[in-house]
Amino acid sequence: MSPPVYPEPRNLLKDRTVVVTAAAGTGIGFAVAKRAAEEGARVLISDFHERRLGEAADRIATETGTRPETCICDVTQQDQVDALHAAAIEKLGHVDVLINNAGLGGEVPVVDMTDDQWSRVLDVTLNSVFRMTRAFLPAMYARKSGAIVNNASVLGWRAQKGQAHYAAAKAGVMAFTRCSAVEAAEHGVRINAVAPSIAMHAFLAKVTTDELLAELSQREAFGRPAEVWEVANVMLFLASDLSSYMTGEVLSVSSQRA
């Protein structure tokens, strides 16, 4: 099968403003920030790691010709989340699109899992979506427009050994997406989520065994993991006017057969 072709820009987010959390590194956050810039958006990227955040901004500038704004933020800290919102308003004027991408995994059986391991994954992966959404919604409500896209996972639906904390968090993201979307609809704001299965990037390859990556890839109908930009494309669709009648949805970005 031929490799996927990287898409040509279509100005899907022309003149929109976009904030992306956990955008440093090589994963989905970086990919969606880059794709948003390519699609005409003004972008602010955030992460808790200052050096990597700067490197990500430099790379986006090199590859797109436009350097995104940046803001350090630990999404587990409400004061930093509030500061991120204030910085976004100051630097972008307003926020049209919020991409909640922050998440934390790890593999540990339930019987061996500590309270700290459980709580940390839930805090980064689920509670951060709540904190960010709560911080950004009032201004979107005031403008009667906006879109939020959350990064969930197929593990919110499916089972995998050693992933009880992560799966519980991602299932929570799905439920939070649906409930908050119902509240936001009357204010003209849409909230949706994507649920990827396996999207290959350097950090995932570093923390996951070759055997598990091969097993997960073999489950896919295409016989390969997704490229991170393929997941980003779906997030941009949900952020754009092409999905104007969609809210409270969780779109699977996966072709798993089993």
# chains A, B, ... in the order shown; residues from 1 in each chain; ligands from 1

call {"tool": "residues_around", "arguments": {"residues": "Pro68 (chain A)", "least_positions_apart": "6", "cutoff": "7 Å", "atoms": "only C-alpha atoms", "output": "list of chain:residue names"}}
result
A:Arg42, A:Val43, A:Leu44, A:Ile45, A:Ala57

call {"tool": "write_last_selection", "arguments": {"atoms": "N, CA and C atoms", "output": "PDB file, in the first residue's frame"}}
result
ATOM      1  N   ARG A  42      -3.758  31.684  13.052  1.00  0.00           N
ATOM      2  CA  ARG A  42      -2.757  32.215  13.972  1.00  0.00           C
ATOM      3  C   ARG A  42      -2.770  31.309  15.194  1.00  0.00           C
ATOM      4  N   VAL A  43      -1.612  30.812  15.562  1.00  0.00           N
ATOM      5  CA  VAL A  43      -1.538  29.706  16.513  1.00  0.00           C
ATOM      6  C   VAL A  43      -0.731  30.099  17.744  1.00  0.00           C
ATOM      7  N   LEU A  44      -1.197  29.636  18.899  1.00  0.00           N
ATOM      8  CA  LEU A  44      -0.430  29.687  20.142  1.00  0.00           C
ATOM      9  C   LEU A  44      -0.266  28.264  20.627  1.00  0.00           C
ATOM     10  N   ILE A  45       0.977  27.863  20.854  1.00  0.00           N
ATOM     11  CA  ILE A  45       1.233  26.522  21.364  1.00  0.00           C
ATOM     12  C   ILE A  45       1.699  26.596  22.812  1.00  0.00           C
ATOM     13  N   ALA A  57       8.233  25.623  18.312  1.00  0.00           N
ATOM     14  CA  ALA A  57       7.875  26.876  17.639  1.00  0.00           C
ATOM     15  C   ALA A  57       8.842  27.177  16.503  1.00  0.00           C
TER      16      ALA A  57
END

call {"tool": "select_by_dssp", "arguments": {"residues": "region 87-214 of chain A", "states": "strand (DSSP E)", "output": "list in words"}}
result
Val97, Leu98, Ile99, Asn100, Gly146, Ala147, Ile148, Val149, Asn150, Asn151, Val189, Arg190, Ile191, Asn192, Ala193, Val194, Ala195, Pro196, Ala199 and Met200 of chain A

call {"tool": "select_by_dssp", "arguments": {"residues": "region 25-119 of chain A", "states": "helix (DSSP H, G or I)", "output": "number ranges by chain"}}
result
A: 28-38, 50-64, 78-92, 110-112, 115-119

call {"tool": "residues_around", "arguments": {"residues": "region 214-230 of chain A", "least_positions_apart": "3", "cutoff": "10 Å", "atoms": "only C-alpha atoms", "output": "number ranges by chain"}}
result
A: 1, 3-7, 26-35, 196-201, 209-211, 233-235, 253-258

call {"tool": "closest_residue", "arguments": {"among": "A:Ala23, A:Val154, A:Ala239, A:Val97", "to": "Gly54 (chain A)", "atoms": "only C-alpha atoms"}}
result
A:Ala23

call {"tool": "closest_residue", "arguments": {"among": "A:Asp241, A:Asp82, A:Ala88, A:Ala56", "to": "Lys14 (chain A)", "atoms": "only C-alpha atoms"}}
result
A:Asp241

call {"tool": "closest_residue", "arguments": {"among": "A:Ala139, A:Val231, A:Val250, A:Ala24", "to": "Cys179 (chain A)", "atoms": "only C-alpha atoms"}}
result
A:Val250

call {"tool": "residues_around", "arguments": {"residues": "Leu242 (chain A)", "least_positions_apart": "2", "cutoff": "12 Å", "atoms": "only C-alpha atoms", "output": "ChimeraX atom specification"}}
result
/A:10-13,147,234-240,244-246

call {"tool": "residues_around", "arguments": {"residues": "Glu183 (chain A)", "least_positions_apart": "3", "cutoff": "12 Å", "atoms": "only C-alpha atoms", "output": "MDAnalysis selection string"}}
result
chainID A and resid 133:134 137:138 141 176:180 186:191 247:248
